[in-house]
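For reference, the structure is listed below as structure tokens.
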Amino acid sequence: FIASSAASDVYKRQLAAQAVLALLGNPEIDTLSRIYAAQLVGRLCTEDAAAATEALWERVNDGEEHVHVRQAAATALGYMAQAGVLADDAQDALWQDLVDGAQNADLPIDVRVAITESLDALVLIDAQESMVDGLVALARGEGEGKVSFSVQMAAARGLAALVASGWHDRDDQMWEMARDQEIDESVRAAIVEALGGRGDRQEAAKILLEIAQNMSITPPGRRDGLDALGRLGYADESIVEALSGICETHERKVKDFERLAAAKTLADIGQVDVGLQYLLMLIADKSIYRTTRNDALALLGEMGMSGDEDLDNASIAVLQVWVTAVSY
């Protein structure tokens, strides 16, 4: 009876898989249904993994298909690879196909991001040379045509997660990328933060501060450096002085949101009272964008008490005024 029941379950699963595969390739059903079908193929179709993989690649490469279906199919390929249901040679081929797909400039950006994120998950399971090489090339912006920022960041997140997991095989290469000013600053910030989180925090903080102060890069990139520095949590006197300088500067190239990020970073590295003072200064400055002032007010509420009675009373008074104004 038990054997018969198990065989019945397998048969039902096979029927369900066939039905889902048929839905995936059916242009008559709506887009949302095909998205769900792609997701189910990656989770359900393990009995005939080769056919499922082929069907998913067909959707990924179908230029007439909706981009969200192609994106879902790319993600599902990652599920198939993680499940390890393919024969060894087919598994290796799938991993290489994913590397090639992430570097394929003919695919839509969203699809390439989904493929890269699948690689991010796979590289944590088995950091094969080809996958690491592929992620490094993407993070550096190398490949056919222009590698979009979102693809670069997806690759950077994968490398950062691999570094944070305790992987040391390419430490020298990762530090080289962290210091390479030809690489996008947000990519560098992600990798530096991971390196500092498991090792040389002082050196990582130094690089992140250099990013935050580099006027030759974009303001959002400088902000990413500040945010990463706050999460790293390393502080010395020179860093506190530099962050205070960013908060106080009237340099036009420094945006209001950078000053806000610097104030938050000061609080994140343990200088809560100093960070609060600069937040209050930003809130009081009616010349800056209202959205930045609102962000500063929200952050003020999140930070809580500093232990300085005068500062805390001032913070509460400001928040009370804000709440009263908002309520009307």
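Identifiers in the structure tokens: chain A, B, ... in order shown; residue index from 1 per chain; ligand index from 1 in order shown.
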
Which residues, written as number ranges by chain, have at least one atom at most 6 Å from Leu226 of chain A, with only C-alpha atoms counted and residues fewer than 3 positions away on the same chain left out?
-> A: 212, 223, 229

Could you please take those selected residues and save all heavy atoms as a PDB file, in the first residue's frame?
ATOM      1  N   ALA A 212      33.359  58.502  -0.013  1.00  0.00           N
ATOM      2  CA  ALA A 212      32.419  59.520   0.457  1.00  0.00           C
ATOM      3  C   ALA A 212      32.910  60.936   0.197  1.00  0.00           C
ATOM      4  O   ALA A 212      32.104  61.860   0.034  1.00  0.00           O
ATOM      5  CB  ALA A 212      32.155  59.325   1.951  1.00  0.00           C
ATOM      6  N   ARG A 223      27.128  58.837  -1.308  1.00  0.00           N
ATOM      7  CA  ARG A 223      26.194  58.441  -0.242  1.00  0.00           C
ATOM      8  C   ARG A 223      26.305  56.946   0.057  1.00  0.00           C
ATOM      9  O   ARG A 223      26.245  56.534   1.230  1.00  0.00           O
ATOM     10  CB  ARG A 223      24.764  58.781  -0.642  1.00  0.00           C
ATOM     11  CG  ARG A 223      23.716  58.372   0.405  1.00  0.00           C
ATOM     12  CD  ARG A 223      22.312  58.720  -0.045  1.00  0.00           C
ATOM     13  NE  ARG A 223      22.014  58.142  -1.341  1.00  0.00           N
ATOM     14  CZ  ARG A 223      20.930  58.451  -2.056  1.00  0.00           C
ATOM     15  NH1 ARG A 223      20.079  59.346  -1.607  1.00  0.00           N
ATOM     16  NH2 ARG A 223      20.722  57.882  -3.235  1.00  0.00           N
ATOM     17  N   LEU A 229      29.870  52.826   5.345  1.00  0.00           N
ATOM     18  CA  LEU A 229      30.733  53.152   6.486  1.00  0.00           C
ATOM     19  C   LEU A 229      29.951  53.064   7.786  1.00  0.00           C
ATOM     20  O   LEU A 229      30.450  52.553   8.804  1.00  0.00           O
ATOM     21  CB  LEU A 229      31.312  54.560   6.297  1.00  0.00           C
ATOM     22  CG  LEU A 229      32.262  55.080   7.382  1.00  0.00           C
ATOM     23  CD1 LEU A 229      33.455  54.152   7.553  1.00  0.00           C
ATOM     24  CD2 LEU A 229      32.731  56.498   7.031  1.00  0.00           C
TER      25      LEU A 229
END

Would you mind writing down, as number ranges by chain, each residue of segment 62-167 of chain A that DSSP on the backbone assigns to alpha helix (DSSP H)?
-> A: 67-83, 88-102, 109-125, 129-139, 149-164

Test item: residues at most 12 Å from Met215 of chain A, only C-alpha atoms, excluding those fewer than 6 positions along its chain, as an NGL selection string = :A and (185 or 209 or 221-223 or 246 or 251-255 or 258)

Surrounding residues of Leu86 of chain A excluding itself and chain neighbours under 3 positions, 12 Å, only C-alpha atoms, as a list in words =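 My list of contacting residues is Cys45, Thr46, Glu47, Asp48, Ala49, Ala50, Ala51, Ala52, Thr53, Glu54, Leu77, Tyr79, Met80, Ala81, Gln82, Ala83, Asp89, Ala90, Gln91, Asp92, Ala93, Leu94 and Trp95 of chain A.
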
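With only C-alpha atoms as the atoms that count, the residue of A:Asp256, A:Asp312, A:Asp273, A:Asp62 with the shortest distance to Arg290 of chain A is A:Asp256.
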
Selection: 12 Å around Glu237 of chain A, only C-alpha atoms, excl. self and same-chain fewer than 2 positions, as an MDAnalysis selection string | chainID A and resid 234:235 239:244 266 269:271

For N, CA, C and O atoms, I'd like the residues from the last selection saved as an mmCIF file, in the first residue's frame.
data_model
loop_
_atom_site.group_PDB
_atom_site.id
_atom_site.type_symbol
_atom_site.label_atom_id
_atom_site.label_comp_id
_atom_site.auth_asym_id
_atom_site.auth_seq_id
_atom_site.Cartn_x
_atom_site.Cartn_y
_atom_site.Cartn_z
ATOM 1 N N TYR A 234 32.945 51.219 12.108
ATOM 2 C CA TYR A 234 34.295 51.544 12.590
ATOM 3 C C TYR A 234 34.442 53.055 12.704
ATOM 4 O O TYR A 234 34.025 53.804 11.812
ATOM 5 N N ALA A 235 35.057 53.505 13.803
ATOM 6 C CA ALA A 235 35.241 54.956 13.983
ATOM 7 C C ALA A 235 36.579 55.251 14.646
ATOM 8 O O ALA A 235 37.011 54.544 15.548
ATOM 9 N N ILE A 239 37.854 59.940 11.213
ATOM 10 C CA ILE A 239 36.590 59.662 10.541
ATOM 11 C C ILE A 239 35.490 60.569 11.080
ATOM 12 O O ILE A 239 34.694 61.132 10.316
ATOM 13 N N VAL A 240 35.441 60.734 12.399
ATOM 14 C CA VAL A 240 34.441 61.615 13.002
ATOM 15 C C VAL A 240 34.612 63.039 12.487
ATOM 16 O O VAL A 240 33.638 63.717 12.129
ATOM 17 N N GLU A 241 35.840 63.495 12.397
ATOM 18 C CA GLU A 241 36.106 64.852 11.893
ATOM 19 C C GLU A 241 35.681 64.992 10.428
ATOM 20 O O GLU A 241 35.078 66.005 10.045
ATOM 21 N N ALA A 242 35.993 63.980 9.634
ATOM 22 C CA ALA A 242 35.638 64.039 8.217
ATOM 23 C C ALA A 242 34.128 64.044 8.023
ATOM 24 O O ALA A 242 33.592 64.802 7.200
ATOM 25 N N LEU A 243 33.410 63.225 8.786
ATOM 26 C CA LEU A 243 31.955 63.183 8.680
ATOM 27 C C LEU A 243 31.337 64.503 9.151
ATOM 28 O O LEU A 243 30.382 65.002 8.543
ATOM 29 N N SER A 244 31.884 65.066 10.204
ATOM 30 C CA SER A 244 31.403 66.362 10.677
ATOM 31 C C SER A 244 31.624 67.428 9.612
ATOM 32 O O SER A 244 30.772 68.307 9.405
ATOM 33 N N LEU A 266 27.350 59.163 11.470
ATOM 34 C CA LEU A 266 27.908 59.527 12.776
ATOM 35 C C LEU A 266 27.171 58.793 13.895
ATOM 36 O O LEU A 266 27.797 58.263 14.826
ATOM 37 N N ILE A 269 28.041 55.010 13.948
ATOM 38 C CA ILE A 269 29.365 54.623 14.453
ATOM 39 C C ILE A 269 29.537 54.993 15.929
ATOM 40 O O ILE A 269 30.645 54.956 16.463
ATOM 41 N N GLY A 270 28.428 55.347 16.570
ATOM 42 C CA GLY A 270 28.472 55.577 18.017
ATOM 43 C C GLY A 270 28.441 57.022 18.455
ATOM 44 O O GLY A 270 28.356 57.292 19.660
ATOM 45 N N GLN A 271 28.480 57.951 17.504
ATOM 46 C CA GLN A 271 28.459 59.381 17.847
ATOM 47 C C GLN A 271 27.015 59.896 17.740
ATOM 48 O O GLN A 271 26.702 60.782 16.945
#

Nearby residues (only C-alpha atoms) at most 10 Å from segment 280-289 of chain A, same-chain spacing under 3 positions excluded, as a ChimeraX atom specification | /A:247-248,255-257,259-260,263,275-277,292-297,300,311,314-315,318

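Of the listed residues (A:Asp30, A:Gly166, A:Asp310, A:Tyr278), A:Tyr278 comes nearest to Gly245 of chain A; the distances count only C-alpha atoms.
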
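Residues surrounding segment 126-130 of chain A within 8 Å are Gln96, Val99, Leu122, Val123, Asp133 and Gly134 of chain A [only C-alpha atoms; sequence separation below 3 positions excluded].
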
Atom CA of Ala114 of chain A to atom CA of Ala17 of chain A, straight-line distance in Å | 22.8 Å

Provide the atom CA of Trp167 of chain A to atom CA of Arg201 of chain A distance in Å, to one decimal place.
->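 Computing it gives 16.7 Å between the two atoms.
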